[in-house]
Amino acid sequence: SSENSNRLKIAIQKSGRLSEKSLALLKECGIQITTSPNALRAEASNFPLEILFLRDDDIPEYVQDGVADVGIIGENVMLEKGKKLELIDKLGFAKCRLSLAVPRGTTYDDVSFFDGKRIATSYPKILGEYFKEKNVNAEIHMISGSVEIAPSIGLSEGVCDIVSSGSTLLSNGLKEVETVLKSEAVLVANPDFNGEKRKNFEKLLFRMQSVRRSNK
Ligand code: PRP
Ligand code: ZN
Ligand code: MG
């Protein structure tokens with residue numbers, strides 16, 4: 001039905017650093033959502049909106065393909081995976097940094113340390129660009145999770161991953177040595193949807209911006 005095709009689809013992280021605050025933001029916008037524990041989608045009862053709960057890393061692909069119209073992800077994921085996403089707004093939560101880290105006992109002077117070294121990361125694109133800019137020739141190894149374990153199992157001399165509280169680095173015997181990127185949650189959109197759906201999105205965006213202003 002036309003009612004169905006006008007319904008905006010937003011993708012948010014299923015579980016992780018962004019999940020709770022993404023859902024809270026929608027609720028603060030006055031949107032009523034009933035979530036059931038393992039459901040991967042939910043419908044708002046008072047707004048033409050469907051919520052898809054996905055792995056954050058997959059959200060850029062889903063939004064680019066139009067499976068979802070908009071999404072909330074970390075800027076880090078947008079820069080690594082986003083090819084044709086429209087950056088709508090920064091959302092001010094889930095602040096973190098993408099950093100290089102090495103085993104705590106390592107003598108480290110500057111970024112040239114990484115010359116000829118192996119680095120494990122889930123962010124090969126961002127890290128590759130960073131090293132290129134710094135004229136560092138390192139061997140980047142792509143790993144999609146539990147990156148911080150790599151040095152202790154002899155897979156690499158360093159890692160490049162997201163640091164928030166720092167407790168993951170600490171418990172894996174690593175120290176942060178360079179900040180590659182600062183990141184926070186962002187709202188992204190497929191650039192190609194129009195009509196009623198766009199209007200509904202603009203309504204939602206207006207509410208989000210009011211919520212953000214009143215929370216400041
Ligand atoms: C990041 C990173 C660490 C953790 C660090 O994962 O990969 O696992 O957060 O946080 P801490 O400094 O507070 O210990 P992220 O939240 O990006 O989730 P994902 O890797 O599962 O997508
Ligand atoms: Zn993720
Ligand atoms: Mg992780």
# chains A, B, ... in the order shown; residues from 1 in each chain; ligands from 1
>>> closest_atom_pairs(of="segment 63-155 of chain A", to="segment 189-212 of chain A", cutoff="10 Å", atoms="only C-alpha atoms", output="JSON lines")
{"residue": "A:Val63", "atom": "CA", "partner": "A:Asn190", "partner_atom": "CA", "distance": 5.5}
{"residue": "A:Gln64", "atom": "CA", "partner": "A:Asn190", "partner_atom": "CA", "distance": 5.6}
{"residue": "A:Asp65", "atom": "CA", "partner": "A:Asn190", "partner_atom": "CA", "distance": 7.9}
{"residue": "A:Gly66", "atom": "CA", "partner": "A:Asn190", "partner_atom": "CA", "distance": 6.5}
{"residue": "A:Val67", "atom": "CA", "partner": "A:Asn190", "partner_atom": "CA", "distance": 9.5}
{"residue": "A:Ala68", "atom": "CA", "partner": "A:Asn190", "partner_atom": "CA", "distance": 7.9}
{"residue": "A:Asp69", "atom": "CA", "partner": "A:Asn190", "partner_atom": "CA", "distance": 5.4}
{"residue": "A:Val70", "atom": "CA", "partner": "A:Ala189", "partner_atom": "CA", "distance": 4.1}
{"residue": "A:Gly71", "atom": "CA", "partner": "A:Ala189", "partner_atom": "CA", "distance": 6.4}
{"residue": "A:Ile72", "atom": "CA", "partner": "A:Ala189", "partner_atom": "CA", "distance": 9.0}
{"residue": "A:Lys84", "atom": "CA", "partner": "A:Asn190", "partner_atom": "CA", "distance": 7.5}
{"residue": "A:Leu85", "atom": "CA", "partner": "A:Asn190", "partner_atom": "CA", "distance": 5.6}
{"residue": "A:Glu86", "atom": "CA", "partner": "A:Ala189", "partner_atom": "CA", "distance": 5.0}
{"residue": "A:Leu87", "atom": "CA", "partner": "A:Ala189", "partner_atom": "CA", "distance": 6.6}
{"residue": "A:Ile88", "atom": "CA", "partner": "A:Ala189", "partner_atom": "CA", "distance": 6.8}
{"residue": "A:Asp89", "atom": "CA", "partner": "A:Gln209", "partner_atom": "CA", "distance": 9.0}
{"residue": "A:Leu91", "atom": "CA", "partner": "A:Arg212", "partner_atom": "CA", "distance": 7.7}
{"residue": "A:Gly92", "atom": "CA", "partner": "A:Arg212", "partner_atom": "CA", "distance": 8.3}
>>> closest_atom_pairs(of="chain A", to="ligand 2", cutoff="10 Å", atoms="only C-alpha atoms and all ligand atoms", output="JSON lines")
{"residue": "A:Gln13", "atom": "CA", "partner": "ligand 2", "partner_atom_place_in_ligand_line": "1 (Zn)", "distance": 8.2}
{"residue": "A:Lys14", "atom": "CA", "partner": "ligand 2", "partner_atom_place_in_ligand_line": "1 (Zn)", "distance": 9.7}
{"residue": "A:Ser15", "atom": "CA", "partner": "ligand 2", "partner_atom_place_in_ligand_line": "1 (Zn)", "distance": 9.0}
{"residue": "A:Gly16", "atom": "CA", "partner": "ligand 2", "partner_atom_place_in_ligand_line": "1 (Zn)", "distance": 7.5}
{"residue": "A:Arg17", "atom": "CA", "partner": "ligand 2", "partner_atom_place_in_ligand_line": "1 (Zn)", "distance": 8.9}
{"residue": "A:Leu18", "atom": "CA", "partner": "ligand 2", "partner_atom_place_in_ligand_line": "1 (Zn)", "distance": 9.4}
{"residue": "A:Leu54", "atom": "CA", "partner": "ligand 2", "partner_atom_place_in_ligand_line": "1 (Zn)", "distance": 9.6}
{"residue": "A:Arg55", "atom": "CA", "partner": "ligand 2", "partner_atom_place_in_ligand_line": "1 (Zn)", "distance": 6.1}
{"residue": "A:Asp56", "atom": "CA", "partner": "ligand 2", "partner_atom_place_in_ligand_line": "1 (Zn)", "distance": 4.8}
{"residue": "A:Asp57", "atom": "CA", "partner": "ligand 2", "partner_atom_place_in_ligand_line": "1 (Zn)", "distance": 4.7}
{"residue": "A:Asp58", "atom": "CA", "partner": "ligand 2", "partner_atom_place_in_ligand_line": "1 (Zn)", "distance": 8.0}
{"residue": "A:Ile59", "atom": "CA", "partner": "ligand 2", "partner_atom_place_in_ligand_line": "1 (Zn)", "distance": 9.5}
{"residue": "A:Ile73", "atom": "CA", "partner": "ligand 2", "partner_atom_place_in_ligand_line": "1 (Zn)", "distance": 9.0}
{"residue": "A:Gly74", "atom": "CA", "partner": "ligand 2", "partner_atom_place_in_ligand_line": "1 (Zn)", "distance": 8.8}
{"residue": "A:Asn76", "atom": "CA", "partner": "ligand 2", "partner_atom_place_in_ligand_line": "1 (Zn)", "distance": 9.8}
{"residue": "A:Val77", "atom": "CA", "partner": "ligand 2", "partner_atom_place_in_ligand_line": "1 (Zn)", "distance": 7.7}
{"residue": "A:Ser122", "atom": "CA", "partner": "ligand 2", "partner_atom_place_in_ligand_line": "1 (Zn)", "distance": 9.1}
{"residue": "A:Ser144", "atom": "CA", "partner": "ligand 2", "partner_atom_place_in_ligand_line": "1 (Zn)", "distance": 8.4}
{"residue": "A:Gly145", "atom": "CA", "partner": "ligand 2", "partner_atom_place_in_ligand_line": "1 (Zn)", "distance": 8.1}
{"residue": "A:Ile162", "atom": "CA", "partner": "ligand 2", "partner_atom_place_in_ligand_line": "1 (Zn)", "distance": 9.8}
>>> write_last_selection(atoms="N, CA, C and O atoms", output="PDB file, in the first residue's frame")
ATOM      1  N   GLN A  13      21.876   0.173  15.626  1.00  0.00           N
ATOM      2  CA  GLN A  13      22.680  -0.974  16.087  1.00  0.00           C
ATOM      3  C   GLN A  13      21.850  -1.868  17.015  1.00  0.00           C
ATOM      4  O   GLN A  13      21.163  -1.401  17.903  1.00  0.00           O
ATOM      5  N   LYS A  14      21.956  -3.151  16.780  1.00  0.00           N
ATOM      6  CA  LYS A  14      21.211  -4.148  17.548  1.00  0.00           C
ATOM      7  C   LYS A  14      21.706  -4.230  18.989  1.00  0.00           C
ATOM      8  O   LYS A  14      20.920  -4.174  19.920  1.00  0.00           O
ATOM      9  N   SER A  15      23.015  -4.358  19.157  1.00  0.00           N
ATOM     10  CA  SER A  15      23.553  -4.306  20.516  1.00  0.00           C
ATOM     11  C   SER A  15      24.982  -3.823  20.478  1.00  0.00           C
ATOM     12  O   SER A  15      25.782  -4.268  19.668  1.00  0.00           O
ATOM     13  N   GLY A  16      25.287  -2.892  21.352  1.00  0.00           N
ATOM     14  CA  GLY A  16      26.614  -2.298  21.376  1.00  0.00           C
ATOM     15  C   GLY A  16      26.582  -0.882  21.922  1.00  0.00           C
ATOM     16  O   GLY A  16      25.566  -0.457  22.473  1.00  0.00           O
ATOM     17  N   ARG A  17      27.660  -0.174  21.711  1.00  0.00           N
ATOM     18  CA  ARG A  17      27.803   1.157  22.301  1.00  0.00           C
ATOM     19  C   ARG A  17      26.738   2.149  21.844  1.00  0.00           C
ATOM     20  O   ARG A  17      26.427   3.094  22.554  1.00  0.00           O
ATOM     21  N   LEU A  18      26.193   1.960  20.626  1.00  0.00           N
ATOM     22  CA  LEU A  18      25.264   2.954  20.073  1.00  0.00           C
ATOM     23  C   LEU A  18      23.797   2.641  20.354  1.00  0.00           C
ATOM     24  O   LEU A  18      22.942   3.520  20.276  1.00  0.00           O
ATOM     25  N   LEU A  54      20.289  -3.903  13.465  1.00  0.00           N
ATOM     26  CA  LEU A  54      21.313  -4.582  12.674  1.00  0.00           C
ATOM     27  C   LEU A  54      22.697  -4.425  13.301  1.00  0.00           C
ATOM     28  O   LEU A  54      22.884  -3.624  14.217  1.00  0.00           O
ATOM     29  N   ARG A  55      23.662  -5.173  12.785  1.00  0.00           N
ATOM     30  CA  ARG A  55      25.049  -4.950  13.196  1.00  0.00           C
ATOM     31  C   ARG A  55      25.478  -3.603  12.628  1.00  0.00           C
ATOM     32  O   ARG A  55      25.263  -3.330  11.453  1.00  0.00           O
ATOM     33  N   ASP A  56      26.094  -2.783  13.461  1.00  0.00           N
ATOM     34  CA  ASP A  56      26.451  -1.436  13.005  1.00  0.00           C
ATOM     35  C   ASP A  56      27.308  -1.460  11.737  1.00  0.00           C
ATOM     36  O   ASP A  56      27.114  -0.645  10.836  1.00  0.00           O
ATOM     37  N   ASP A  57      28.215  -2.439  11.663  1.00  0.00           N
ATOM     38  CA  ASP A  57      29.121  -2.524  10.500  1.00  0.00           C
ATOM     39  C   ASP A  57      28.375  -2.759   9.193  1.00  0.00           C
ATOM     40  O   ASP A  57      28.873  -2.441   8.115  1.00  0.00           O
ATOM     41  N   ASP A  58      27.187  -3.346   9.279  1.00  0.00           N
ATOM     42  CA  ASP A  58      26.408  -3.651   8.078  1.00  0.00           C
ATOM     43  C   ASP A  58      25.494  -2.500   7.658  1.00  0.00           C
ATOM     44  O   ASP A  58      24.974  -2.500   6.541  1.00  0.00           O
ATOM     45  N   ILE A  59      25.287  -1.548   8.541  1.00  0.00           N
ATOM     46  CA  ILE A  59      24.309  -0.481   8.270  1.00  0.00           C
ATOM     47  C   ILE A  59      24.641   0.359   7.024  1.00  0.00           C
ATOM     48  O   ILE A  59      23.737   0.615   6.217  1.00  0.00           O
ATOM     49  N   ILE A  73      24.960   5.437  12.921  1.00  0.00           N
ATOM     50  CA  ILE A  73      26.199   4.669  13.044  1.00  0.00           C
ATOM     51  C   ILE A  73      27.302   5.557  13.599  1.00  0.00           C
ATOM     52  O   ILE A  73      27.131   6.765  13.718  1.00  0.00           O
ATOM     53  N   GLY A  74      28.442   4.948  13.911  1.00  0.00           N
ATOM     54  CA  GLY A  74      29.596   5.744  14.311  1.00  0.00           C
ATOM     55  C   GLY A  74      30.204   6.347  13.058  1.00  0.00           C
ATOM     56  O   GLY A  74      30.181   5.745  11.981  1.00  0.00           O
ATOM     57  N   ASN A  76      33.195   6.523  12.493  1.00  0.00           N
ATOM     58  CA  ASN A  76      34.251   5.570  12.118  1.00  0.00           C
ATOM     59  C   ASN A  76      33.754   4.560  11.083  1.00  0.00           C
ATOM     60  O   ASN A  76      34.413   4.306  10.075  1.00  0.00           O
ATOM     61  N   VAL A  77      32.563   4.026  11.313  1.00  0.00           N
ATOM     62  CA  VAL A  77      31.989   3.046  10.386  1.00  0.00           C
ATOM     63  C   VAL A  77      31.567   3.722   9.079  1.00  0.00           C
ATOM     64  O   VAL A  77      31.764   3.187   7.994  1.00  0.00           O
ATOM     65  N   SER A 122      40.055  -3.435  12.154  1.00  0.00           N
ATOM     66  CA  SER A 122      38.814  -3.598  11.391  1.00  0.00           C
ATOM     67  C   SER A 122      38.625  -2.378  10.490  1.00  0.00           C
ATOM     68  O   SER A 122      37.584  -2.219   9.854  1.00  0.00           O
ATOM     69  N   SER A 144      37.790  -8.722  11.723  1.00  0.00           N
ATOM     70  CA  SER A 144      36.522  -8.040  11.968  1.00  0.00           C
ATOM     71  C   SER A 144      36.120  -7.932  13.436  1.00  0.00           C
ATOM     72  O   SER A 144      35.208  -7.191  13.765  1.00  0.00           O
ATOM     73  N   GLY A 145      36.797  -8.626  14.328  1.00  0.00           N
ATOM     74  CA  GLY A 145      36.461  -8.479  15.747  1.00  0.00           C
ATOM     75  C   GLY A 145      37.565  -8.973  16.654  1.00  0.00           C
ATOM     76  O   GLY A 145      38.524  -9.606  16.198  1.00  0.00           O
ATOM     77  N   ILE A 162      38.780   0.981  18.042  1.00  0.00           N
ATOM     78  CA  ILE A 162      38.023   1.989  18.773  1.00  0.00           C
ATOM     79  C   ILE A 162      38.343   1.931  20.263  1.00  0.00           C
ATOM     80  O   ILE A 162      38.385   0.858  20.861  1.00  0.00           O
TER      81      ILE A 162
END
>>> select_by_dssp(residues="segment 98-207 of chain A", states="helix (DSSP H, G or I)", output="VMD selection string")
chain A and resid 111 to 114 124 to 133 147 to 149 151 to 153 167 to 171 195 to 207
>>> closest_residue(among="A:Glu129, A:Asp115, A:Glu75, A:Glu43", to="ligand 1", atoms="only C-alpha atoms and all ligand atoms")
A:Glu75
>>> residues_around(residues="Lys95 of chain A", least_positions_apart="5", cutoff="8 Å", atoms="only C-alpha atoms", output="PyMOL selection string")
chain A and resi 164+182-185
>>> residues_around(residues="segment 118-121 of chain A", least_positions_apart="5", cutoff="8 Å", atoms="only C-alpha atoms", output="ChimeraX atom specification")
/A:138-144,147,150,155-161
>>> write_last_selection(atoms="N, CA and C atoms", output="compact mmCIF listing (two decimals), in the first residue's frame")
# COMPACT_ATOMS: atom_id res chain seq x y z
N ALA A 138 53.37 0.10 6.61
CA ALA A 138 53.06 -0.98 7.54
C ALA A 138 52.23 -2.04 6.82
N GLU A 139 52.16 -3.21 7.44
CA GLU A 139 51.38 -4.30 6.87
C GLU A 139 50.05 -4.35 7.62
N ILE A 140 48.97 -3.98 6.95
CA ILE A 140 47.67 -3.93 7.63
C ILE A 140 46.94 -5.26 7.48
N HIS A 141 46.56 -5.84 8.62
CA HIS A 141 45.81 -7.09 8.61
C HIS A 141 44.38 -6.85 9.05
N MET A 142 43.44 -7.14 8.16
CA MET A 142 42.03 -6.92 8.46
C MET A 142 41.46 -8.05 9.32
N ILE A 143 40.90 -7.68 10.46
CA ILE A 143 40.22 -8.63 11.35
C ILE A 143 38.90 -7.98 11.74
N SER A 144 37.79 -8.72 11.72
CA SER A 144 36.52 -8.04 11.97
C SER A 144 36.12 -7.93 13.44
N VAL A 147 40.01 -7.57 17.91
CA VAL A 147 41.28 -7.11 17.36
C VAL A 147 42.38 -7.01 18.43
N ALA A 150 45.24 -9.61 19.04
CA ALA A 150 46.24 -9.92 18.00
C ALA A 150 47.71 -9.91 18.47
N LEU A 155 50.10 -12.30 16.24
CA LEU A 155 49.59 -11.98 14.91
C LEU A 155 50.07 -10.62 14.41
N SER A 156 50.36 -9.73 15.32
CA SER A 156 50.77 -8.38 14.92
C SER A 156 51.56 -7.70 16.03
N GLU A 157 52.21 -6.58 15.66
CA GLU A 157 52.96 -5.80 16.65
C GLU A 157 52.11 -4.67 17.23
N GLY A 158 50.99 -4.41 16.59
CA GLY A 158 50.13 -3.34 17.07
C GLY A 158 48.70 -3.54 16.60
N VAL A 159 47.79 -2.71 17.14
CA VAL A 159 46.39 -2.76 16.70
C VAL A 159 45.90 -1.34 16.44
N CYS A 160 44.83 -1.25 15.67
CA CYS A 160 44.16 0.04 15.49
C CYS A 160 42.68 -0.25 15.67
N ASP A 161 42.11 0.25 16.79
CA ASP A 161 40.71 -0.04 17.06
C ASP A 161 40.08 1.10 17.84
>>> select_by_dssp(residues="segment 2-125 of chain A", states="strand (DSSP E or B)", output="VMD selection string")
chain A and resid 8 to 13 33 41 to 44 49 to 54 70 to 74 86 to 90 96 to 103 118 to 121
>>> closest_residue(among="A:Ser36, A:Ser112, A:Ser171, A:Ser99", to="Lys132 of chain A", atoms="only C-alpha atoms")
A:Ser112
>>> atom_distance(atom1="atom CA of Gly173 of chain A", atom2="atom CA of Ala101 of chain A")
9.8 Å
